[in-house]
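File shown here: start-v8.pdb, holding PDB, C-alpha atoms.
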```pdb
ATOM      1  CA  MET A1241      16.645 -48.411  50.098  1.00  0.00           C
ATOM      2  CA  THR A1242      15.343 -47.018  46.825  1.00  0.00           C
ATOM      3  CA  GLN A1243      12.255 -49.210  46.452  1.00  0.00           C
ATOM      4  CA  PRO A1244       9.023 -47.617  47.730  1.00  0.00           C
ATOM      5  CA  LEU A1245       7.466 -49.326  50.755  1.00  0.00           C
ATOM      6  CA  ALA A1246       3.793 -50.299  50.975  1.00  0.00           C
ATOM      7  CA  LEU A1247       2.133 -51.461  54.205  1.00  0.00           C
ATOM      8  CA  ILE A1248      -1.030 -53.559  53.990  1.00  0.00           C
ATOM      9  CA  VAL A1249      -2.832 -54.156  57.289  1.00  0.00           C
ATOM     10  CA  GLY A1250      -5.322 -56.995  57.610  1.00  0.00           C
ATOM     11  CA  VAL A1251      -3.967 -59.384  55.010  1.00  0.00           C
ATOM     12  CA  GLY A1252      -5.867 -62.494  53.925  1.00  0.00           C
ATOM     13  CA  ASP A1253      -6.182 -64.531  50.749  1.00  0.00           C
ATOM     14  CA  GLY A1254      -8.539 -62.210  48.852  1.00  0.00           C
ATOM     15  CA  LEU A1255      -8.268 -58.531  47.971  1.00  0.00           C
ATOM     16  CA  SER A1256      -5.244 -57.844  50.161  1.00  0.00           C
ATOM     17  CA  ALA A1257      -3.345 -60.753  48.611  1.00  0.00           C
ATOM     18  CA  SER A1258      -4.155 -59.475  45.109  1.00  0.00           C
ATOM     19  CA  LEU A1259      -2.974 -56.017  46.120  1.00  0.00           C
ATOM     20  CA  ALA A1260       0.242 -57.403  47.601  1.00  0.00           C
ATOM     21  CA  ARG A1261       1.049 -59.296  44.408  1.00  0.00           C
ATOM     22  CA  LEU A1262       0.297 -56.280  42.223  1.00  0.00           C
ATOM     23  CA  LEU A1263       2.400 -53.868  44.276  1.00  0.00           C
ATOM     24  CA  HIS A1264       5.241 -56.390  44.380  1.00  0.00           C
ATOM     25  CA  HIS A1265       5.048 -56.634  40.588  1.00  0.00           C
ATOM     26  CA  GLU A1266       5.158 -52.827  40.391  1.00  0.00           C
ATOM     27  CA  GLY A1267       8.404 -52.693  42.362  1.00  0.00           C
ATOM     28  CA  TYR A1268       7.221 -52.026  45.915  1.00  0.00           C
ATOM     29  CA  ARG A1269       8.764 -53.497  49.030  1.00  0.00           C
ATOM     30  CA  LEU A1270       5.978 -54.884  51.193  1.00  0.00           C
ATOM     31  CA  ALA A1271       5.108 -55.094  54.862  1.00  0.00           C
ATOM     32  CA  LEU A1272       2.099 -57.326  55.497  1.00  0.00           C
ATOM     33  CA  ALA A1273       0.309 -57.244  58.857  1.00  0.00           C
ATOM     34  CA  ALA A1274      -2.170 -59.810  60.136  1.00  0.00           C
ATOM     35  CA  ARG A1275      -3.274 -61.155  63.475  1.00  0.00           C
ATOM     36  CA  ASN A1276      -2.134 -64.634  62.431  1.00  0.00           C
ATOM     37  CA  VAL A1277       0.996 -64.316  60.294  1.00  0.00           C
ATOM     38  CA  GLY A1278       1.103 -68.078  59.836  1.00  0.00           C
ATOM     39  CA  LYS A1279      -1.751 -67.714  57.370  1.00  0.00           C
ATOM     40  CA  ILE A1280       0.242 -65.331  55.174  1.00  0.00           C
ATOM     41  CA  ASP A1281       3.624 -67.067  55.233  1.00  0.00           C
ATOM     42  CA  ALA A1282       3.229 -68.299  51.662  1.00  0.00           C
ATOM     43  CA  LEU A1283       2.199 -64.859  50.392  1.00  0.00           C
ATOM     44  CA  ALA A1284       5.073 -63.196  52.243  1.00  0.00           C
ATOM     45  CA  GLY A1285       7.504 -65.654  50.701  1.00  0.00           C
ATOM     46  CA  GLU A1286       6.034 -65.168  47.233  1.00  0.00           C
ATOM     47  CA  THR A1287       6.305 -61.379  47.418  1.00  0.00           C
ATOM     48  CA  GLY A1288       9.436 -61.073  49.556  1.00  0.00           C
ATOM     49  CA  ALA A1289       7.376 -59.229  52.164  1.00  0.00           C
ATOM     50  CA  GLN A1290       8.050 -58.502  55.800  1.00  0.00           C
ATOM     51  CA  ALA A1291       5.275 -60.218  57.785  1.00  0.00           C
ATOM     52  CA  VAL A1292       4.276 -58.672  61.119  1.00  0.00           C
ATOM     53  CA  ALA A1293       1.790 -60.004  63.663  1.00  0.00           C
ATOM     54  CA  CYS A1294      -0.591 -57.197  64.585  1.00  0.00           C
ATOM     55  CA  ASP A1295      -4.044 -56.789  66.085  1.00  0.00           C
ATOM     56  CA  ALA A1296      -4.900 -53.439  64.498  1.00  0.00           C
ATOM     57  CA  ALA A1297      -7.384 -52.577  67.236  1.00  0.00           C
ATOM     58  CA  ARG A1298      -4.629 -52.632  69.893  1.00  0.00           C
ATOM     59  CA  THR A1299      -2.616 -49.446  70.339  1.00  0.00           C
ATOM     60  CA  ASP A1300       0.583 -51.212  71.385  1.00  0.00           C
ATOM     61  CA  ASP A1301       0.433 -53.591  68.420  1.00  0.00           C
ATOM     62  CA  VAL A1302       0.117 -50.714  65.952  1.00  0.00           C
ATOM     63  CA  LYS A1303       2.983 -48.814  67.591  1.00  0.00           C
ATOM     64  CA  ARG A1304       5.172 -51.909  67.352  1.00  0.00           C
ATOM     65  CA  LEU A1305       4.155 -52.477  63.724  1.00  0.00           C
ATOM     66  CA  PHE A1306       5.272 -49.015  62.656  1.00  0.00           C
ATOM     67  CA  ALA A1307       8.449 -49.256  64.730  1.00  0.00           C
ATOM     68  CA  GLU A1308       9.380 -52.397  62.764  1.00  0.00           C
ATOM     69  CA  LEU A1309       8.945 -50.767  59.345  1.00  0.00           C
ATOM     70  CA  ASP A1310      12.269 -50.258  57.630  1.00  0.00           C
ATOM     71  CA  GLY A1311      12.698 -47.101  55.552  1.00  0.00           C
ATOM     72  CA  ARG A1312      10.277 -44.468  54.333  1.00  0.00           C
ATOM     73  CA  LEU A1313       6.603 -45.396  54.047  1.00  0.00           C
ATOM     74  CA  ASP A1314       4.957 -44.550  50.729  1.00  0.00           C
ATOM     75  CA  VAL A1315       1.613 -46.399  50.896  1.00  0.00           C
ATOM     76  CA  ALA A1316      -0.542 -47.615  53.773  1.00  0.00           C
ATOM     77  CA  VAL A1317      -3.704 -49.666  53.219  1.00  0.00           C
ATOM     78  CA  TYR A1318      -6.175 -50.495  56.001  1.00  0.00           C
ATOM     79  CA  ASN A1319      -8.207 -53.576  55.125  1.00  0.00           C
ATOM     80  CA  PRO A1320      -9.619 -55.153  58.344  1.00  0.00           C
ATOM     81  CA  SER A1321     -13.272 -55.115  59.320  1.00  0.00           C
ATOM     82  CA  ALA A1322     -15.497 -57.172  61.593  1.00  0.00           C
ATOM     83  CA  ARG A1323     -19.179 -58.040  61.375  1.00  0.00           C
ATOM     84  CA  GLN A1324     -21.765 -58.941  63.971  1.00  0.00           C
ATOM     85  CA  ARG A1325     -25.087 -59.902  62.419  1.00  0.00           C
ATOM     86  CA  GLY A1326     -28.454 -60.335  64.049  1.00  0.00           C
ATOM     87  CA  PRO A1327     -31.532 -58.511  65.339  1.00  0.00           C
ATOM     88  CA  LEU A1328     -30.560 -55.355  67.175  1.00  0.00           C
ATOM     89  CA  THR A1329     -32.130 -56.492  70.457  1.00  0.00           C
ATOM     90  CA  GLU A1330     -30.177 -59.752  70.395  1.00  0.00           C
ATOM     91  CA  LEU A1331     -26.686 -58.400  69.736  1.00  0.00           C
ATOM     92  CA  GLU A1332     -24.058 -59.056  72.408  1.00  0.00           C
ATOM     93  CA  PRO A1333     -22.621 -55.667  73.461  1.00  0.00           C
ATOM     94  CA  GLU A1334     -19.008 -56.805  73.854  1.00  0.00           C
ATOM     95  CA  ALA A1335     -19.034 -58.459  70.436  1.00  0.00           C
ATOM     96  CA  VAL A1336     -20.370 -55.212  68.976  1.00  0.00           C
ATOM     97  CA  ARG A1337     -17.641 -53.261  70.753  1.00  0.00           C
ATOM     98  CA  ARG A1338     -14.981 -55.523  69.265  1.00  0.00           C
ATOM     99  CA  ALA A1339     -16.442 -55.198  65.758  1.00  0.00           C
ATOM    100  CA  ILE A1340     -16.358 -51.397  65.978  1.00  0.00           C
ATOM    101  CA  GLU A1341     -12.837 -51.438  67.413  1.00  0.00           C
ATOM    102  CA  VAL A1342     -11.533 -53.486  64.465  1.00  0.00           C
ATOM    103  CA  THR A1343     -13.369 -51.586  61.733  1.00  0.00           C
ATOM    104  CA  ALA A1344     -13.176 -48.022  63.048  1.00  0.00           C
ATOM    105  CA  PHE A1345     -10.712 -47.631  65.925  1.00  0.00           C
ATOM    106  CA  GLY A1346      -8.085 -49.746  64.198  1.00  0.00           C
ATOM    107  CA  ALA A1347      -8.487 -47.578  61.103  1.00  0.00           C
ATOM    108  CA  PHE A1348      -7.839 -44.527  63.264  1.00  0.00           C
ATOM    109  CA  LEU A1349      -4.736 -46.041  64.877  1.00  0.00           C
ATOM    110  CA  VAL A1350      -3.179 -47.071  61.571  1.00  0.00           C
ATOM    111  CA  GLY A1351      -4.266 -43.863  59.815  1.00  0.00           C
ATOM    112  CA  GLN A1352      -2.809 -41.713  62.577  1.00  0.00           C
ATOM    113  CA  ALA A1353       0.504 -43.583  62.632  1.00  0.00           C
ATOM    114  CA  ALA A1354       0.801 -43.534  58.828  1.00  0.00           C
ATOM    115  CA  ALA A1355      -0.011 -39.826  58.659  1.00  0.00           C
ATOM    116  CA  GLN A1356       2.581 -38.991  61.307  1.00  0.00           C
ATOM    117  CA  ARG A1357       5.230 -41.048  59.535  1.00  0.00           C
ATOM    118  CA  MET A1358       4.466 -39.488  56.164  1.00  0.00           C
ATOM    119  CA  GLN A1359       4.434 -35.950  57.564  1.00  0.00           C
ATOM    120  CA  ASP A1360       7.817 -36.508  59.199  1.00  0.00           C
ATOM    121  CA  GLN A1361       9.202 -37.932  55.959  1.00  0.00           C
ATOM    122  CA  ALA A1362       7.883 -35.014  53.891  1.00  0.00           C
ATOM    123  CA  GLU A1363       9.792 -32.575  56.086  1.00  0.00           C
ATOM    124  CA  ILE A1364      12.980 -34.399  55.073  1.00  0.00           C
ATOM    125  CA  ASP A1365      12.530 -35.187  51.385  1.00  0.00           C
ATOM    126  CA  GLY A1366       9.282 -33.490  50.330  1.00  0.00           C
ATOM    127  CA  ARG A1367       7.842 -36.724  48.934  1.00  0.00           C
ATOM    128  CA  ARG A1368       4.182 -37.563  49.332  1.00  0.00           C
ATOM    129  CA  GLY A1369       2.390 -40.671  50.551  1.00  0.00           C
ATOM    130  CA  THR A1370      -0.952 -42.417  50.131  1.00  0.00           C
ATOM    131  CA  ILE A1371      -3.322 -43.813  52.770  1.00  0.00           C
ATOM    132  CA  LEU A1372      -6.221 -45.990  51.594  1.00  0.00           C
ATOM    133  CA  PHE A1373      -9.114 -47.473  53.574  1.00  0.00           C
ATOM    134  CA  THR A1374     -11.121 -50.463  52.348  1.00  0.00           C
ATOM    135  CA  GLY A1375     -14.743 -49.525  52.895  1.00  0.00           C
ATOM    136  CA  ALA A1376     -18.114 -51.021  52.004  1.00  0.00           C
ATOM    137  CA  SER A1377     -21.618 -49.972  51.056  1.00  0.00           C
ATOM    138  CA  ALA A1378     -22.413 -50.271  54.778  1.00  0.00           C
ATOM    139  CA  GLY A1379     -20.530 -46.997  55.183  1.00  0.00           C
ATOM    140  CA  VAL A1380     -23.149 -45.277  53.027  1.00  0.00           C
ATOM    141  CA  LYS A1381     -26.362 -47.091  53.973  1.00  0.00           C
ATOM    142  CA  GLY A1382     -27.252 -49.209  56.978  1.00  0.00           C
ATOM    143  CA  PHE A1383     -28.804 -52.614  56.416  1.00  0.00           C
ATOM    144  CA  ALA A1384     -31.215 -54.502  58.668  1.00  0.00           C
ATOM    145  CA  GLN A1385     -29.552 -56.813  61.202  1.00  0.00           C
ATOM    146  CA  SER A1386     -26.135 -55.362  60.376  1.00  0.00           C
ATOM    147  CA  ALA A1387     -25.935 -52.351  62.676  1.00  0.00           C
ATOM    148  CA  PRO A1388     -22.396 -53.007  64.047  1.00  0.00           C
ATOM    149  CA  PHE A1389     -20.902 -53.206  60.559  1.00  0.00           C
ATOM    150  CA  ALA A1390     -22.668 -50.007  59.519  1.00  0.00           C
ATOM    151  CA  MET A1391     -21.509 -48.251  62.686  1.00  0.00           C
ATOM    152  CA  GLY A1392     -17.909 -49.228  61.992  1.00  0.00           C
ATOM    153  CA  LYS A1393     -17.933 -48.389  58.289  1.00  0.00           C
ATOM    154  CA  PHE A1394     -19.750 -45.067  58.746  1.00  0.00           C
ATOM    155  CA  ALA A1395     -17.095 -44.110  61.298  1.00  0.00           C
ATOM    156  CA  GLN A1396     -14.317 -45.278  58.996  1.00  0.00           C
ATOM    157  CA  ARG A1397     -15.695 -43.246  56.105  1.00  0.00           C
ATOM    158  CA  GLY A1398     -15.930 -40.151  58.307  1.00  0.00           C
ATOM    159  CA  LEU A1399     -12.349 -40.679  59.465  1.00  0.00           C
ATOM    160  CA  ALA A1400     -11.107 -40.934  55.879  1.00  0.00           C
ATOM    161  CA  GLU A1401     -12.971 -37.811  54.779  1.00  0.00           C
ATOM    162  CA  SER A1402     -11.669 -35.801  57.729  1.00  0.00           C
ATOM    163  CA  MET A1403      -8.148 -37.023  57.072  1.00  0.00           C
ATOM    164  CA  ALA A1404      -8.410 -36.122  53.402  1.00  0.00           C
ATOM    165  CA  ARG A1405      -9.489 -32.559  54.196  1.00  0.00           C
ATOM    166  CA  GLU A1406      -6.633 -32.170  56.666  1.00  0.00           C
ATOM    167  CA  LEU A1407      -3.854 -34.018  54.853  1.00  0.00           C
ATOM    168  CA  HIS A1408      -4.397 -33.306  51.150  1.00  0.00           C
ATOM    169  CA  PRO A1409      -3.007 -29.780  51.584  1.00  0.00           C
ATOM    170  CA  LYS A1410       0.064 -31.385  53.167  1.00  0.00           C
ATOM    171  CA  GLY A1411       0.654 -33.661  50.190  1.00  0.00           C
ATOM    172  CA  ILE A1412      -0.729 -36.882  51.685  1.00  0.00           C
ATOM    173  CA  HIS A1413      -3.414 -38.564  49.579  1.00  0.00           C
ATOM    174  CA  VAL A1414      -6.231 -40.202  51.576  1.00  0.00           C
ATOM    175  CA  ALA A1415      -9.099 -42.140  50.010  1.00  0.00           C
ATOM    176  CA  TRP A1416     -11.905 -44.455  51.114  1.00  0.00           C
ATOM    177  CA  ILE A1417     -12.960 -47.198  48.690  1.00  0.00           C
ATOM    178  CA  ASN A1418     -16.572 -48.356  48.793  1.00  0.00           C
ATOM    179  CA  ILE A1419     -16.464 -52.051  47.882  1.00  0.00           C
ATOM    180  CA  ASP A1420     -20.145 -52.433  47.035  1.00  0.00           C
ATOM    181  CA  GLY A1421     -20.664 -56.130  46.404  1.00  0.00           C
ATOM    182  CA  ALA A1422     -19.307 -59.605  47.040  1.00  0.00           C
ATOM    183  CA  ILE A1423     -15.669 -60.284  46.173  1.00  0.00           C
ATOM    184  CA  ARG A1424     -14.750 -63.383  44.175  1.00  0.00           C
ATOM    185  CA  ASN A1425     -12.291 -64.607  46.793  1.00  0.00           C
ATOM    186  CA  PRO A1426     -10.758 -68.108  46.688  1.00  0.00           C
ATOM    187  CA  GLY A1427     -13.466 -70.704  47.224  1.00  0.00           C
ATOM    188  CA  ARG A1428     -16.276 -68.421  46.057  1.00  0.00           C
ATOM    189  CA  THR A1429     -17.844 -68.716  42.620  1.00  0.00           C
ATOM    190  CA  GLU A1430     -20.588 -66.762  40.942  1.00  0.00           C
ATOM    191  CA  PRO A1431     -23.648 -68.346  39.279  1.00  0.00           C
ATOM    192  CA  ALA A1432     -23.146 -69.317  35.653  1.00  0.00           C
ATOM    193  CA  ASP A1433     -26.160 -67.247  34.642  1.00  0.00           C
ATOM    194  CA  ARG A1434     -24.752 -64.095  36.327  1.00  0.00           C
ATOM    195  CA  PRO A1435     -21.280 -63.541  34.868  1.00  0.00           C
ATOM    196  CA  ASP A1436     -19.207 -60.782  36.472  1.00  0.00           C
ATOM    197  CA  SER A1437     -21.712 -60.478  39.310  1.00  0.00           C
ATOM    198  CA  MET A1438     -18.900 -60.637  41.856  1.00  0.00           C
ATOM    199  CA  LEU A1439     -15.957 -58.271  42.158  1.00  0.00           C
ATOM    200  CA  ASP A1440     -12.652 -59.604  40.842  1.00  0.00           C
ATOM    201  CA  PRO A1441     -10.017 -58.980  43.572  1.00  0.00           C
ATOM    202  CA  ASP A1442      -7.288 -58.410  40.978  1.00  0.00           C
ATOM    203  CA  ALA A1443      -9.446 -55.764  39.286  1.00  0.00           C
ATOM    204  CA  ILE A1444     -10.108 -54.063  42.631  1.00  0.00           C
ATOM    205  CA  ALA A1445      -6.363 -54.030  43.322  1.00  0.00           C
ATOM    206  CA  ALA A1446      -5.805 -52.297  39.972  1.00  0.00           C
ATOM    207  CA  ASN A1447      -8.139 -49.520  41.130  1.00  0.00           C
ATOM    208  CA  TYR A1448      -6.099 -49.116  44.313  1.00  0.00           C
ATOM    209  CA  LEU A1449      -2.962 -48.760  42.210  1.00  0.00           C
ATOM    210  CA  ASN A1450      -4.702 -46.110  40.097  1.00  0.00           C
ATOM    211  CA  LEU A1451      -5.470 -44.151  43.269  1.00  0.00           C
ATOM    212  CA  ILE A1452      -1.845 -44.404  44.370  1.00  0.00           C
ATOM    213  CA  ARG A1453      -0.733 -43.067  40.997  1.00  0.00           C
ATOM    214  CA  GLN A1454      -3.269 -40.237  40.720  1.00  0.00           C
ATOM    215  CA  ASP A1455      -1.887 -36.807  40.002  1.00  0.00           C
ATOM    216  CA  ARG A1456      -2.333 -34.478  42.954  1.00  0.00           C
ATOM    217  CA  SER A1457      -4.395 -32.100  40.817  1.00  0.00           C
ATOM    218  CA  THR A1458      -7.080 -34.812  40.468  1.00  0.00           C
ATOM    219  CA  TRP A1459      -6.959 -36.683  43.781  1.00  0.00           C
ATOM    220  CA  SER A1460     -10.066 -38.712  44.636  1.00  0.00           C
ATOM    221  CA  ASN A1461     -10.997 -38.967  48.291  1.00  0.00           C
ATOM    222  CA  GLU A1462     -13.706 -41.591  47.686  1.00  0.00           C
ATOM    223  CA  LEU A1463     -14.230 -44.300  45.085  1.00  0.00           C
ATOM    224  CA  ALA A1464     -17.210 -46.653  44.655  1.00  0.00           C
ATOM    225  CA  ILE A1465     -16.633 -50.013  42.978  1.00  0.00           C
ATOM    226  CA  ARG A1466     -19.614 -52.253  42.246  1.00  0.00           C
ATOM    227  CA  PRO A1467     -20.647 -55.001  39.817  1.00  0.00           C
ATOM    228  CA  TRP A1468     -23.702 -54.616  37.618  1.00  0.00           C
ATOM    229  CA  VAL A1469     -25.990 -56.599  39.947  1.00  0.00           C
ATOM    230  CA  GLU A1470     -25.665 -54.132  42.821  1.00  0.00           C
ATOM    231  CA  ARG A1471     -28.179 -51.333  43.224  1.00  0.00           C
ATOM    232  CA  PHE A1472     -26.934 -47.838  44.004  1.00  0.00           C
TER     233      PHE A1472
END
```
Output the file's structure in the form of structure tokens.
Amino acid sequence: MTQPLALIVGVGDGLSASLARLLHHEGYRLALAARNVGKIDALAGETGAQAVACDAARTDDVKRLFAELDGRLDVAVYNPSARQRGPLTELEPEAVRRAIEVTAFGAFLVGQAAAQRMQDQAEIDGRRGTILFTGASAGVKGFAQSAPFAMGKFAQRGLAESMARELHPKGIHVAWINIDGAIRNPGRTEPADRPDSMLDPDAIAANYLNLIRQDRSTWSNELAIRPWVERF
């Protein structure tokens, strides 16, 4: 198979769908992973993608996902995250555990499996791969009543930075993207008096493609994307 393969984990109808359509347009074969593949049937049909049911926080599910991938893996994108909001003293510990597992541990499982696959491939053909993590401003600053999300995103950002330091010398590009603001997903509209105050998912996807295409001499390991209404 000569077409490059891109894996997107945690696919919904927003950013990940925009990214799937863009990569399909750019000639990539796609593997789309979601806990409920029924929700992405239409997208899989539209893009000719392989749809795989996967709970990214479960080790066996991630192993099975990568075993089902056909051919060399060129791009892996980790998109899932989970939030638990509320006063710190009122948070339910098991719900917090699950949120961290999805946002951070799942990122580790997918990142580890993608890195191993890409390293093995490079020994055969010398070609490089790209691993991208969808982050958030919560990975840079913690907000009140959002401790679990900050815990997960801080961990995810640390994982991505450690991976970049280890894998860039081996020819594998790793980057964490700080999505700092609300995304204009289907069903969400911005106020008429605040144009472009929400992130366009198609425009975010274009930034992911730019990262994939970056020359190795100028690899970014972190990218912040924010609309004009967001404060640094």
Assuming 3 Å of padding per side, give the centre and edge lengths of the axis-aligned box around every listed atom of region 1362-1365 of chain A, in Å to one decimal and as JSON.
```
{"center_x": 10.4, "center_y": -33.9, "center_z": 53.7, "size_x": 11.1, "size_y": 8.6, "size_z": 10.7}
```
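Comparing the minimum interatomic distances between Val1302 (chain A) and each of A:Gln1356, A:Val1350, A:Arg1471, A:Ala1271, counting only C-alpha atoms, we find that A:Val1350 sits nearest.
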At a cut-off of 7 Å, can you tabulate as a tab-separated table every residue of region 1339-1374 of chain A near region 1304-1324 of chain A together with its closest atom pair and the distance in Å to one decimal, using all atoms listed in the file and ordering rows by chain then number?
```
residue	atom	partner	partner_atom	distance
A:Ala1339	CA	A:Ala1322	CA	4.7
A:Val1342	CA	A:Ser1321	CA	5.7
A:Thr1343	CA	A:Ser1321	CA	4.3
A:Ala1347	CA	A:Tyr1318	CA	6.3
A:Ala1354	CA	A:Ala1316	CA	6.6
A:Met1358	CA	A:Leu1313	CA	6.6
A:Gln1361	CA	A:Arg1312	CA	6.8
A:Gly1369	CA	A:Asp1314	CA	4.7
A:Thr1370	CA	A:Val1315	CA	4.8
A:Ile1371	CA	A:Ala1316	CA	4.8
A:Leu1372	CA	A:Val1317	CA	4.7
A:Phe1373	CA	A:Tyr1318	CA	4.9
A:Thr1374	CA	A:Asn1319	CA	5.1
```
Q: Specify as a PyMOL selection string each residue included when the PyMOL selection byres ((chain A and resi 1290) around 8) is applied to this file.
A: chain A and resi 1270-1272+1284+1288-1289+1291-1292
How about saving the chosen residues, C-alpha atoms kept, as an mmCIF file, in the coordinates of the input?
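Saved result, out.cif, follows:
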```cif
data_model
loop_
_atom_site.group_PDB
_atom_site.id
_atom_site.type_symbol
_atom_site.label_atom_id
_atom_site.label_comp_id
_atom_site.auth_asym_id
_atom_site.auth_seq_id
_atom_site.Cartn_x
_atom_site.Cartn_y
_atom_site.Cartn_z
ATOM 1 C CA LEU A 1270 5.978 -54.884 51.193
ATOM 2 C CA ALA A 1271 5.108 -55.094 54.862
ATOM 3 C CA LEU A 1272 2.099 -57.326 55.497
ATOM 4 C CA ALA A 1284 5.073 -63.196 52.243
ATOM 5 C CA GLY A 1288 9.436 -61.073 49.556
ATOM 6 C CA ALA A 1289 7.376 -59.229 52.164
ATOM 7 C CA ALA A 1291 5.275 -60.218 57.785
ATOM 8 C CA VAL A 1292 4.276 -58.672 61.119
#
```
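Between Leu1259 (chain A) and the residues A:Leu1463, A:Ala1443, A:Leu1451, A:Met1438, the shortest atom-to-atom distance, using all atoms listed in the file, involves A:Ala1443.
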Q.
Applying 10 Å and all atoms listed in the file, which residues near His1408 (chain A) remain after dropping the ones on its own chain fewer than 3 positions away? List them as a list of chain:residue names.
A. A:Arg1368, A:Thr1370, A:Met1403, A:Ala1404, A:Arg1405, A:Gly1411, A:Ile1412, A:His1413, A:Val1414, A:Arg1456, A:Trp1459, A:Asn1461
Q: Using CA of Ala1378 (chain A) and CA of Arg1338 (chain A) as the two end points, give the distance in Å to one decimal.
A: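 About the pair CA of Ala1378 (chain A) and CA of Arg1338 (chain A): they are 17.1 Å apart.
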Q.
Ranking A:Asp1440, A:Phe1348, A:Phe1389, A:Arg1424 by minimum distance to Ser1402 (chain A) and counting all atoms listed in the file, which one comes first?
A. A:Phe1348
Q. From the list A:Ala1344, A:Val1277, A:Ala1422, A:Ala1296, which residue is nearest Asp1436 (chain A) when using all atoms listed in the file?
A. A:Ala1422
(Q) I need the residue nearest Pro1327 (chain A) from this list: A:Leu1263, A:Ile1340, A:Leu1439, A:Ala1384. Use all atoms listed in the file for the distance. (A)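 The closest residue to Pro1327 (chain A) is A:Ala1384.
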Please write a file for region 1327-1338 of chain A, taken from the block I just shared, that holds N, CA, C and O atoms and is laid out as a PDB file, in the first residue's frame.
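The new file selection29.pdb reads:
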```
ATOM      1  N   PRO A1327     -16.278  21.794  42.820  1.00  0.00           N
ATOM      2  CA  PRO A1327     -15.361  22.126  43.929  1.00  0.00           C
ATOM      3  C   PRO A1327     -14.504  20.919  44.291  1.00  0.00           C
ATOM      4  O   PRO A1327     -14.986  19.775  44.273  1.00  0.00           O
ATOM      5  N   LEU A1328     -13.263  21.172  44.584  1.00  0.00           N
ATOM      6  CA  LEU A1328     -12.316  20.093  44.864  1.00  0.00           C
ATOM      7  C   LEU A1328     -12.839  19.130  45.921  1.00  0.00           C
ATOM      8  O   LEU A1328     -12.711  17.902  45.778  1.00  0.00           O
ATOM      9  N   THR A1329     -13.435  19.647  46.981  1.00  0.00           N
ATOM     10  CA  THR A1329     -13.872  18.799  48.094  1.00  0.00           C
ATOM     11  C   THR A1329     -15.111  17.976  47.756  1.00  0.00           C
ATOM     12  O   THR A1329     -15.485  17.095  48.535  1.00  0.00           O
ATOM     13  N   GLU A1330     -15.727  18.256  46.611  1.00  0.00           N
ATOM     14  CA  GLU A1330     -16.942  17.534  46.243  1.00  0.00           C
ATOM     15  C   GLU A1330     -16.734  16.561  45.088  1.00  0.00           C
ATOM     16  O   GLU A1330     -17.665  15.871  44.672  1.00  0.00           O
ATOM     17  N   LEU A1331     -15.518  16.482  44.570  1.00  0.00           N
ATOM     18  CA  LEU A1331     -15.254  15.601  43.439  1.00  0.00           C
ATOM     19  C   LEU A1331     -15.283  14.137  43.869  1.00  0.00           C
ATOM     20  O   LEU A1331     -14.794  13.776  44.946  1.00  0.00           O
ATOM     21  N   GLU A1332     -15.851  13.294  43.014  1.00  0.00           N
ATOM     22  CA  GLU A1332     -15.932  11.861  43.282  1.00  0.00           C
ATOM     23  C   GLU A1332     -14.633  11.200  42.824  1.00  0.00           C
ATOM     24  O   GLU A1332     -14.284  11.266  41.643  1.00  0.00           O
ATOM     25  N   PRO A1333     -13.876  10.581  43.718  1.00  0.00           N
ATOM     26  CA  PRO A1333     -12.547  10.075  43.375  1.00  0.00           C
ATOM     27  C   PRO A1333     -12.511   9.151  42.164  1.00  0.00           C
ATOM     28  O   PRO A1333     -11.606   9.253  41.331  1.00  0.00           O
ATOM     29  N   GLU A1334     -13.456   8.241  42.017  1.00  0.00           N
ATOM     30  CA  GLU A1334     -13.415   7.318  40.896  1.00  0.00           C
ATOM     31  C   GLU A1334     -13.681   8.028  39.572  1.00  0.00           C
ATOM     32  O   GLU A1334     -13.122   7.651  38.535  1.00  0.00           O
ATOM     33  N   ALA A1335     -14.511   9.057  39.587  1.00  0.00           N
ATOM     34  CA  ALA A1335     -14.748   9.835  38.385  1.00  0.00           C
ATOM     35  C   ALA A1335     -13.485  10.608  37.997  1.00  0.00           C
ATOM     36  O   ALA A1335     -13.163  10.746  36.814  1.00  0.00           O
ATOM     37  N   VAL A1336     -12.761  11.089  39.005  1.00  0.00           N
ATOM     38  CA  VAL A1336     -11.502  11.782  38.751  1.00  0.00           C
ATOM     39  C   VAL A1336     -10.480  10.813  38.172  1.00  0.00           C
ATOM     40  O   VAL A1336      -9.767  11.127  37.212  1.00  0.00           O
ATOM     41  N   ARG A1337     -10.425   9.612  38.746  1.00  0.00           N
ATOM     42  CA  ARG A1337      -9.504   8.597  38.229  1.00  0.00           C
ATOM     43  C   ARG A1337      -9.776   8.318  36.748  1.00  0.00           C
ATOM     44  O   ARG A1337      -8.856   8.258  35.927  1.00  0.00           O
ATOM     45  N   ARG A1338     -11.038   8.165  36.411  1.00  0.00           N
ATOM     46  CA  ARG A1338     -11.396   7.873  35.019  1.00  0.00           C
ATOM     47  C   ARG A1338     -11.004   9.030  34.096  1.00  0.00           C
ATOM     48  O   ARG A1338     -10.481   8.808  32.998  1.00  0.00           O
TER      49      ARG A1338
END
```
